[in-house]
file model_5.cif (mmCIF, N, CA, C and O atoms)
data_query
#
loop_
_atom_site.label_atom_id
_atom_site.label_comp_id
_atom_site.auth_asym_id
_atom_site.auth_seq_id
_atom_site.Cartn_x
_atom_site.Cartn_y
_atom_site.Cartn_z
N MET Q 1 -10.75 2.54 5.55
CA MET Q 1 -11.27 3.76 4.98
C MET Q 1 -10.30 4.26 3.91
O MET Q 1 -9.11 4.31 4.13
N THR Q 2 -10.80 4.57 2.75
CA THR Q 2 -10.00 5.09 1.67
C THR Q 2 -10.02 6.61 1.74
O THR Q 2 -11.08 7.20 1.90
N TYR Q 3 -8.84 7.21 1.61
CA TYR Q 3 -8.74 8.66 1.70
C TYR Q 3 -8.47 9.22 0.32
O TYR Q 3 -7.62 8.74 -0.40
N LYS Q 4 -9.22 10.25 -0.05
CA LYS Q 4 -9.02 10.89 -1.34
C LYS Q 4 -9.23 12.39 -1.17
O LYS Q 4 -10.22 12.81 -0.59
N ASN Q 5 -8.28 13.17 -1.69
CA ASN Q 5 -8.42 14.61 -1.69
C ASN Q 5 -9.29 14.99 -2.88
O ASN Q 5 -8.91 14.80 -4.01
N GLU Q 6 -10.45 15.52 -2.63
CA GLU Q 6 -11.42 15.81 -3.69
C GLU Q 6 -11.07 17.07 -4.48
O GLU Q 6 -11.62 17.28 -5.55
N ASP Q 7 -10.20 17.92 -3.97
CA ASP Q 7 -9.93 19.20 -4.64
C ASP Q 7 -9.20 19.01 -5.96
O ASP Q 7 -9.75 19.23 -7.02
N THR Q 8 -7.94 18.62 -5.90
CA THR Q 8 -7.15 18.49 -7.12
C THR Q 8 -6.41 17.17 -7.20
O THR Q 8 -6.10 16.70 -8.28
N ASP Q 9 -6.11 16.59 -6.08
CA ASP Q 9 -5.31 15.37 -6.02
C ASP Q 9 -6.20 14.15 -6.23
O ASP Q 9 -7.22 14.01 -5.59
N THR Q 10 -5.80 13.28 -7.15
CA THR Q 10 -6.57 12.07 -7.38
C THR Q 10 -5.94 10.86 -6.71
O THR Q 10 -6.32 9.73 -6.98
N THR Q 11 -4.97 11.10 -5.84
CA THR Q 11 -4.32 10.01 -5.12
C THR Q 11 -5.32 9.35 -4.18
O THR Q 11 -6.01 10.01 -3.43
N ILE Q 12 -5.36 8.04 -4.24
CA ILE Q 12 -6.21 7.27 -3.33
C ILE Q 12 -5.29 6.58 -2.32
O ILE Q 12 -4.37 5.86 -2.70
N TRP Q 13 -5.54 6.85 -1.05
CA TRP Q 13 -4.75 6.29 0.04
C TRP Q 13 -5.50 5.13 0.67
O TRP Q 13 -6.69 5.21 0.90
N LEU Q 14 -4.77 4.07 0.95
CA LEU Q 14 -5.33 2.88 1.60
C LEU Q 14 -4.69 2.71 2.97
O LEU Q 14 -3.49 2.92 3.13
N THR Q 15 -5.48 2.28 3.93
CA THR Q 15 -4.92 1.89 5.21
C THR Q 15 -4.15 0.58 5.01
O THR Q 15 -4.27 -0.07 3.97
N ARG Q 16 -3.39 0.19 6.02
CA ARG Q 16 -2.65 -1.07 5.90
C ARG Q 16 -3.62 -2.23 5.71
O ARG Q 16 -3.39 -3.13 4.90
N LYS Q 17 -4.73 -2.20 6.42
CA LYS Q 17 -5.73 -3.27 6.29
C LYS Q 17 -6.29 -3.31 4.87
O LYS Q 17 -6.42 -4.38 4.27
N GLU Q 18 -6.62 -2.15 4.31
CA GLU Q 18 -7.16 -2.10 2.95
C GLU Q 18 -6.14 -2.55 1.93
O GLU Q 18 -6.47 -3.28 0.99
N ALA Q 19 -4.88 -2.13 2.10
CA ALA Q 19 -3.83 -2.55 1.17
C ALA Q 19 -3.63 -4.06 1.24
O ALA Q 19 -3.48 -4.72 0.21
N ALA Q 20 -3.66 -4.61 2.44
CA ALA Q 20 -3.51 -6.05 2.61
C ALA Q 20 -4.67 -6.79 1.93
O ALA Q 20 -4.45 -7.78 1.22
N GLU Q 21 -5.89 -6.32 2.13
CA GLU Q 21 -7.04 -6.95 1.49
C GLU Q 21 -6.94 -6.85 -0.03
O GLU Q 21 -7.28 -7.79 -0.73
N HIS Q 22 -6.47 -5.71 -0.51
CA HIS Q 22 -6.31 -5.50 -1.95
C HIS Q 22 -5.35 -6.54 -2.55
O HIS Q 22 -5.55 -7.01 -3.66
N MET Q 23 -4.31 -6.90 -1.78
CA MET Q 23 -3.32 -7.87 -2.25
C MET Q 23 -3.61 -9.28 -1.76
O MET Q 23 -2.84 -10.20 -2.01
N ARG Q 24 -4.72 -9.44 -1.03
CA ARG Q 24 -5.10 -10.74 -0.45
C ARG Q 24 -4.03 -11.29 0.49
O ARG Q 24 -3.64 -12.46 0.44
N LEU Q 25 -3.55 -10.39 1.34
CA LEU Q 25 -2.56 -10.71 2.36
C LEU Q 25 -3.12 -10.31 3.71
O LEU Q 25 -4.13 -9.64 3.80
N SER Q 26 -2.40 -10.66 4.76
CA SER Q 26 -2.78 -10.19 6.08
C SER Q 26 -2.09 -8.86 6.37
O SER Q 26 -1.03 -8.56 5.82
N SER Q 27 -2.68 -8.09 7.25
CA SER Q 27 -2.06 -6.84 7.69
C SER Q 27 -0.71 -7.12 8.35
O SER Q 27 0.22 -6.34 8.23
N ALA Q 28 -0.63 -8.25 9.06
CA ALA Q 28 0.62 -8.63 9.73
C ALA Q 28 1.74 -8.85 8.72
O ALA Q 28 2.89 -8.51 8.98
N THR Q 29 1.40 -9.42 7.55
CA THR Q 29 2.41 -9.62 6.52
C THR Q 29 2.97 -8.29 6.05
O THR Q 29 4.18 -8.11 5.94
N LEU Q 30 2.08 -7.32 5.79
CA LEU Q 30 2.55 -5.99 5.37
C LEU Q 30 3.38 -5.32 6.45
O LEU Q 30 4.39 -4.69 6.16
N ALA Q 31 2.97 -5.46 7.70
CA ALA Q 31 3.74 -4.89 8.80
C ALA Q 31 5.12 -5.54 8.89
O ALA Q 31 6.13 -4.85 9.09
N ASN Q 32 5.16 -6.84 8.71
CA ASN Q 32 6.43 -7.57 8.73
C ASN Q 32 7.33 -7.11 7.58
O ASN Q 32 8.52 -6.86 7.77
N TRP Q 33 6.76 -7.00 6.38
CA TRP Q 33 7.54 -6.53 5.24
C TRP Q 33 8.08 -5.13 5.49
O TRP Q 33 9.23 -4.84 5.17
N ALA Q 34 7.24 -4.26 6.05
CA ALA Q 34 7.68 -2.89 6.32
C ALA Q 34 8.86 -2.88 7.28
O ALA Q 34 9.80 -2.10 7.11
N SER Q 35 8.84 -3.76 8.27
CA SER Q 35 9.94 -3.81 9.24
C SER Q 35 11.22 -4.32 8.59
O SER Q 35 12.32 -4.05 9.08
N GLN Q 36 11.09 -5.03 7.47
CA GLN Q 36 12.25 -5.54 6.73
C GLN Q 36 12.60 -4.66 5.54
O GLN Q 36 13.47 -5.00 4.74
N ASP Q 37 11.88 -3.54 5.39
CA ASP Q 37 12.08 -2.60 4.29
C ASP Q 37 11.85 -3.25 2.93
O ASP Q 37 12.59 -3.03 1.98
N ILE Q 38 10.81 -4.09 2.86
CA ILE Q 38 10.38 -4.66 1.59
C ILE Q 38 8.89 -4.39 1.43
O ILE Q 38 8.26 -3.90 2.35
N GLY Q 39 8.34 -4.71 0.29
CA GLY Q 39 6.92 -4.47 0.03
C GLY Q 39 6.70 -3.10 -0.57
O GLY Q 39 7.64 -2.37 -0.87
N PRO Q 40 5.44 -2.74 -0.76
CA PRO Q 40 5.12 -1.45 -1.38
C PRO Q 40 5.50 -0.27 -0.48
O PRO Q 40 5.55 -0.41 0.75
N ASN Q 41 5.76 0.87 -1.11
CA ASN Q 41 6.06 2.09 -0.36
C ASN Q 41 4.86 2.49 0.48
O ASN Q 41 3.72 2.24 0.10
N TYR Q 42 5.13 3.12 1.60
CA TYR Q 42 4.08 3.58 2.50
C TYR Q 42 4.55 4.84 3.19
O TYR Q 42 5.73 5.18 3.15
N ILE Q 43 3.63 5.53 3.84
CA ILE Q 43 3.99 6.65 4.69
C ILE Q 43 3.43 6.39 6.08
O ILE Q 43 2.43 5.70 6.24
N ARG Q 44 4.12 6.93 7.05
CA ARG Q 44 3.65 6.82 8.44
C ARG Q 44 3.26 8.22 8.90
O ARG Q 44 4.04 9.16 8.79
N ILE Q 45 2.05 8.32 9.38
CA ILE Q 45 1.53 9.59 9.88
C ILE Q 45 1.46 9.48 11.40
O ILE Q 45 0.76 8.62 11.91
N GLY Q 46 2.22 10.31 12.06
CA GLY Q 46 2.24 10.23 13.53
C GLY Q 46 2.88 8.94 13.99
O GLY Q 46 3.78 8.41 13.35
N ARG Q 47 2.39 8.42 15.08
CA ARG Q 47 2.99 7.22 15.66
C ARG Q 47 2.44 5.93 15.10
O ARG Q 47 3.12 4.92 15.06
N GLY Q 48 1.19 5.91 14.66
CA GLY Q 48 0.62 4.63 14.32
C GLY Q 48 -0.01 4.48 12.96
O GLY Q 48 -0.11 3.39 12.43
N ARG Q 49 -0.46 5.57 12.36
CA ARG Q 49 -1.20 5.45 11.11
C ARG Q 49 -0.23 5.24 9.94
O ARG Q 49 0.70 5.99 9.75
N VAL Q 50 -0.48 4.18 9.19
CA VAL Q 50 0.31 3.85 8.00
C VAL Q 50 -0.63 3.89 6.81
O VAL Q 50 -1.72 3.31 6.85
N LEU Q 51 -0.22 4.59 5.76
CA LEU Q 51 -1.04 4.68 4.55
C LEU Q 51 -0.22 4.29 3.33
O LEU Q 51 0.99 4.55 3.28
N TYR Q 52 -0.89 3.68 2.38
CA TYR Q 52 -0.28 3.26 1.12
C TYR Q 52 -1.03 3.94 -0.02
O TYR Q 52 -2.26 3.98 -0.01
N ARG Q 53 -0.30 4.46 -1.00
CA ARG Q 53 -0.96 4.93 -2.22
C ARG Q 53 -1.41 3.71 -3.00
O ARG Q 53 -0.63 2.78 -3.20
N ARG Q 54 -2.65 3.71 -3.46
CA ARG Q 54 -3.14 2.56 -4.23
C ARG Q 54 -2.27 2.33 -5.46
O ARG Q 54 -1.97 1.18 -5.79
N ASP Q 55 -1.85 3.39 -6.13
CA ASP Q 55 -0.99 3.23 -7.31
C ASP Q 55 0.34 2.57 -6.95
O ASP Q 55 0.86 1.76 -7.71
N ASP Q 56 0.92 2.92 -5.79
CA ASP Q 56 2.17 2.29 -5.36
C ASP Q 56 1.98 0.80 -5.11
O ASP Q 56 2.84 -0.01 -5.47
N VAL Q 57 0.86 0.45 -4.50
CA VAL Q 57 0.56 -0.97 -4.24
C VAL Q 57 0.44 -1.72 -5.57
O VAL Q 57 1.06 -2.77 -5.77
N ASN Q 58 -0.34 -1.17 -6.49
CA ASN Q 58 -0.53 -1.83 -7.79
C ASN Q 58 0.77 -1.94 -8.57
O ASN Q 58 1.05 -2.99 -9.17
N ASN Q 59 1.59 -0.89 -8.55
CA ASN Q 59 2.88 -0.93 -9.26
C ASN Q 59 3.81 -1.96 -8.62
O ASN Q 59 4.51 -2.70 -9.34
N TRP Q 60 3.82 -2.04 -7.30
CA TRP Q 60 4.69 -3.00 -6.63
C TRP Q 60 4.27 -4.43 -6.99
O TRP Q 60 5.11 -5.27 -7.31
N VAL Q 61 2.97 -4.70 -6.97
CA VAL Q 61 2.47 -6.03 -7.32
C VAL Q 61 2.85 -6.35 -8.76
O VAL Q 61 3.32 -7.46 -9.06
N GLU Q 62 2.67 -5.40 -9.66
CA GLU Q 62 3.00 -5.62 -11.08
C GLU Q 62 4.47 -5.99 -11.26
O GLU Q 62 4.79 -6.87 -12.06
N HIS Q 63 5.34 -5.38 -10.48
CA HIS Q 63 6.77 -5.67 -10.61
C HIS Q 63 7.18 -6.98 -9.95
O HIS Q 63 8.31 -7.43 -10.10
N GLN Q 64 6.26 -7.61 -9.23
CA GLN Q 64 6.55 -8.91 -8.63
C GLN Q 64 6.25 -10.06 -9.58
O GLN Q 64 6.60 -11.20 -9.31
N THR Q 65 5.62 -9.74 -10.70
CA THR Q 65 5.26 -10.76 -11.68
C THR Q 65 6.52 -11.39 -12.28
O THR Q 65 7.42 -10.67 -12.72
N LYS Q 66 6.59 -12.67 -12.27
CA LYS Q 66 7.73 -13.40 -12.82
C LYS Q 66 7.32 -14.05 -14.14
O LYS Q 66 6.24 -14.63 -14.23
N LYS Q 67 8.18 -13.96 -15.12
CA LYS Q 67 7.93 -14.63 -16.39
C LYS Q 67 8.45 -16.04 -16.32
O LYS Q 67 9.56 -16.28 -15.88
N VAL Q 68 7.63 -16.96 -16.76
CA VAL Q 68 8.02 -18.37 -16.77
C VAL Q 68 8.34 -18.76 -18.20
O VAL Q 68 7.55 -18.50 -19.11
N ALA Q 69 9.49 -19.39 -18.38
CA ALA Q 69 9.91 -19.78 -19.73
C ALA Q 69 9.08 -20.93 -20.26
O ALA Q 69 8.55 -21.73 -19.58
#
call {"tool": "encode", "arguments": {"input": "model_5.cif", "output": "structure tokens"}}
result
Amino acid sequence: MTYKNEDTDTTIWLTRKEAAEHMRLSSATLANWASQDIGPNYIRIGRGRVLYRRDDVNNWVEHQTKKVA
């Protein structure tokens, strides 16, 4: 489920599953990266809910691009 504040905020929040699908990864990979403090930024709400800003995911992916000579 994508979360969006309709009032003023245009931030789109993705669940871990949605973020993983967006990057064509498994949710387990994102969870593993989070435990190693790598991967895109996320927030944890309560004990279990993890959300990623779509812009953070896209920016993180963009910075992983390697230039080949």
call {"tool": "atom_distance", "arguments": {"input": "model_5.cif", "atom1": "atom N of Leu30 of chain Q", "atom2": "atom N of Asp55 of chain Q"}}
result
16.5 Å
call {"tool": "closest_atom_pairs", "arguments": {"input": "model_5.cif", "of": "segment 10-30 of chain Q", "to": "segment 49-53 of chain Q", "cutoff": "8 Å", "atoms": "only C-alpha atoms", "output": "Markdown table"}}
result
| residue | atom | partner | partner_atom | distance |
| --- | --- | --- | --- | --- |
| Q:Thr11 | CA | Q:Arg53 | CA | 6.7 |
| Q:Ile12 | CA | Q:Arg53 | CA | 5.9 |
| Q:Trp13 | CA | Q:Arg53 | CA | 4.6 |
| Q:Leu14 | CA | Q:Tyr52 | CA | 5.1 |
| Q:Thr15 | CA | Q:Leu51 | CA | 4.8 |
| Q:Arg16 | CA | Q:Val50 | CA | 6.1 |
| Q:Ala19 | CA | Q:Tyr52 | CA | 6.8 |
call {"tool": "select_by_dssp", "arguments": {"input": "model_5.cif", "residues": "chain Q", "states": "alpha helix (DSSP H)", "output": "list in words"}}
result
Arg16, Lys17, Glu18, Ala19, Ala20, Glu21, His22, Met23, Ser27, Ala28, Thr29, Leu30, Ala31, Asn32, Trp33, Ala34, Ser35, Arg54, Asp55, Asp56, Val57, Asn58, Asn59, Trp60, Val61, Glu62 and His63 of chain Q
call {"tool": "atom_distance", "arguments": {"input": "model_5.cif", "atom1": "atom N of Ile43 of chain Q", "atom2": "atom O of Ala31 of chain Q"}}
result
11.9 Å
call {"tool": "atom_distance", "arguments": {"input": "model_5.cif", "atom1": "atom C of His22 of chain Q", "atom2": "atom CA of Asn58 of chain Q"}}
result
8.5 Å
call {"tool": "select_by_dssp", "arguments": {"input": "model_5.cif", "residues": "chain Q", "states": "strand (DSSP E or B)", "output": "ChimeraX atom specification"}}
result
/Q:3-4,12-15,43-45,49-53
call {"tool": "residues_around", "arguments": {"input": "model_5.cif", "residues": "Pro40 of chain Q", "least_positions_apart": "6", "cutoff": "6 Å", "atoms": "all atoms listed in the file", "output": "list in words"}}
result
Asp56, Val57 and Trp60 of chain Q
call {"tool": "write_last_selection", "arguments": {"input": "model_5.cif", "atoms": "N, CA, C and O atoms", "output": "PDB file, in the coordinates of the input"}}
result
ATOM      1  N   ASP Q  56       0.920   2.920  -5.790  1.00  0.00           N
ATOM      2  CA  ASP Q  56       2.170   2.290  -5.360  1.00  0.00           C
ATOM      3  C   ASP Q  56       1.980   0.800  -5.110  1.00  0.00           C
ATOM      4  O   ASP Q  56       2.840  -0.010  -5.470  1.00  0.00           O
ATOM      5  N   VAL Q  57       0.860   0.450  -4.500  1.00  0.00           N
ATOM      6  CA  VAL Q  57       0.560  -0.970  -4.240  1.00  0.00           C
ATOM      7  C   VAL Q  57       0.440  -1.720  -5.570  1.00  0.00           C
ATOM      8  O   VAL Q  57       1.060  -2.770  -5.770  1.00  0.00           O
ATOM      9  N   TRP Q  60       3.820  -2.040  -7.300  1.00  0.00           N
ATOM     10  CA  TRP Q  60       4.690  -3.000  -6.630  1.00  0.00           C
ATOM     11  C   TRP Q  60       4.270  -4.430  -6.990  1.00  0.00           C
ATOM     12  O   TRP Q  60       5.110  -5.270  -7.310  1.00  0.00           O
TER      13      TRP Q  60
END
call {"tool": "closest_residue", "arguments": {"input": "model_5.cif", "among": "Q:Ser35, Q:Val61, Q:Arg47, Q:Thr10", "to": "Met23 of chain Q", "atoms": "all atoms listed in the file"}}
result
Q:Val61
call {"tool": "decode", "arguments": {"input": "model_5.cif", "residues": "segment 37-55 of chain Q", "atoms": "N, CA and C atoms", "output": "PDB file, in the first residue's frame"}}
result
ATOM      1  N   ASP Q  37      22.940  -1.593   7.784  1.00  0.00           N
ATOM      2  CA  ASP Q  37      22.980  -0.140   7.626  1.00  0.00           C
ATOM      3  C   ASP Q  37      23.424   0.268   6.227  1.00  0.00           C
ATOM      4  N   ILE Q  38      22.939  -0.462   5.219  1.00  0.00           N
ATOM      5  CA  ILE Q  38      23.165  -0.088   3.828  1.00  0.00           C
ATOM      6  C   ILE Q  38      21.805  -0.043   3.127  1.00  0.00           C
ATOM      7  N   GLY Q  39      21.780   0.411   1.901  1.00  0.00           N
ATOM      8  CA  GLY Q  39      20.532   0.513   1.157  1.00  0.00           C
ATOM      9  C   GLY Q  39      19.881   1.866   1.361  1.00  0.00           C
ATOM     10  N   PRO Q  40      18.693   2.036   0.798  1.00  0.00           N
ATOM     11  CA  PRO Q  40      18.008   3.326   0.899  1.00  0.00           C
ATOM     12  C   PRO Q  40      17.568   3.630   2.336  1.00  0.00           C
ATOM     13  N   ASN Q  41      17.440   4.918   2.632  1.00  0.00           N
ATOM     14  CA  ASN Q  41      16.955   5.344   3.942  1.00  0.00           C
ATOM     15  C   ASN Q  41      15.533   4.862   4.149  1.00  0.00           C
ATOM     16  N   TYR Q  42      15.184   4.601   5.388  1.00  0.00           N
ATOM     17  CA  TYR Q  42      13.838   4.152   5.739  1.00  0.00           C
ATOM     18  C   TYR Q  42      13.495   4.667   7.122  1.00  0.00           C
ATOM     19  N   ILE Q  43      12.230   4.568   7.477  1.00  0.00           N
ATOM     20  CA  ILE Q  43      11.814   4.864   8.839  1.00  0.00           C
ATOM     21  C   ILE Q  43      11.089   3.643   9.383  1.00  0.00           C
ATOM     22  N   ARG Q  44      11.172   3.490  10.680  1.00  0.00           N
ATOM     23  CA  ARG Q  44      10.463   2.392  11.349  1.00  0.00           C
ATOM     24  C   ARG Q  44       9.384   3.025  12.215  1.00  0.00           C
ATOM     25  N   ILE Q  45       8.167   2.569  12.006  1.00  0.00           N
ATOM     26  CA  ILE Q  45       7.029   3.055  12.771  1.00  0.00           C
ATOM     27  C   ILE Q  45       6.623   1.938  13.723  1.00  0.00           C
ATOM     28  N   GLY Q  46       6.720   2.212  14.996  1.00  0.00           N
ATOM     29  CA  GLY Q  46       6.383   1.173  15.975  1.00  0.00           C
ATOM     30  C   GLY Q  46       7.393   0.045  15.922  1.00  0.00           C
ATOM     31  N   ARG Q  47       6.918  -1.152  16.157  1.00  0.00           N
ATOM     32  CA  ARG Q  47       7.820  -2.305  16.215  1.00  0.00           C
ATOM     33  C   ARG Q  47       8.078  -2.940  14.871  1.00  0.00           C
ATOM     34  N   GLY Q  48       7.135  -2.876  13.945  1.00  0.00           N
ATOM     35  CA  GLY Q  48       7.306  -3.665  12.748  1.00  0.00           C
ATOM     36  C   GLY Q  48       7.192  -2.952  11.421  1.00  0.00           C
ATOM     37  N   ARG Q  49       6.475  -1.849  11.368  1.00  0.00           N
ATOM     38  CA  ARG Q  49       6.232  -1.209  10.077  1.00  0.00           C
ATOM     39  C   ARG Q  49       7.462  -0.415   9.635  1.00  0.00           C
ATOM     40  N   VAL Q  50       7.921  -0.707   8.434  1.00  0.00           N
ATOM     41  CA  VAL Q  50       9.056  -0.010   7.827  1.00  0.00           C
ATOM     42  C   VAL Q  50       8.545   0.662   6.558  1.00  0.00           C
ATOM     43  N   LEU Q  51       8.859   1.943   6.404  1.00  0.00           N
ATOM     44  CA  LEU Q  51       8.440   2.689   5.223  1.00  0.00           C
ATOM     45  C   LEU Q  51       9.634   3.368   4.582  1.00  0.00           C
ATOM     46  N   TYR Q  52       9.588   3.454   3.269  1.00  0.00           N
ATOM     47  CA  TYR Q  52      10.623   4.104   2.471  1.00  0.00           C
ATOM     48  C   TYR Q  52       9.980   5.237   1.681  1.00  0.00           C
ATOM     49  N   ARG Q  53      10.625   6.395   1.636  1.00  0.00           N
ATOM     50  CA  ARG Q  53      10.169   7.448   0.727  1.00  0.00           C
ATOM     51  C   ARG Q  53      10.544   7.024  -0.685  1.00  0.00           C
ATOM     52  N   ARG Q  54       9.601   7.120  -1.609  1.00  0.00           N
ATOM     53  CA  ARG Q  54       9.901   6.730  -2.990  1.00  0.00           C
ATOM     54  C   ARG Q  54      11.071   7.540  -3.540  1.00  0.00           C
ATOM     55  N   ASP Q  55      11.134   8.827  -3.232  1.00  0.00           N
ATOM     56  CA  ASP Q  55      12.247   9.655  -3.708  1.00  0.00           C
ATOM     57  C   ASP Q  55      13.582   9.166  -3.157  1.00  0.00           C
TER      58      ASP Q  55
END
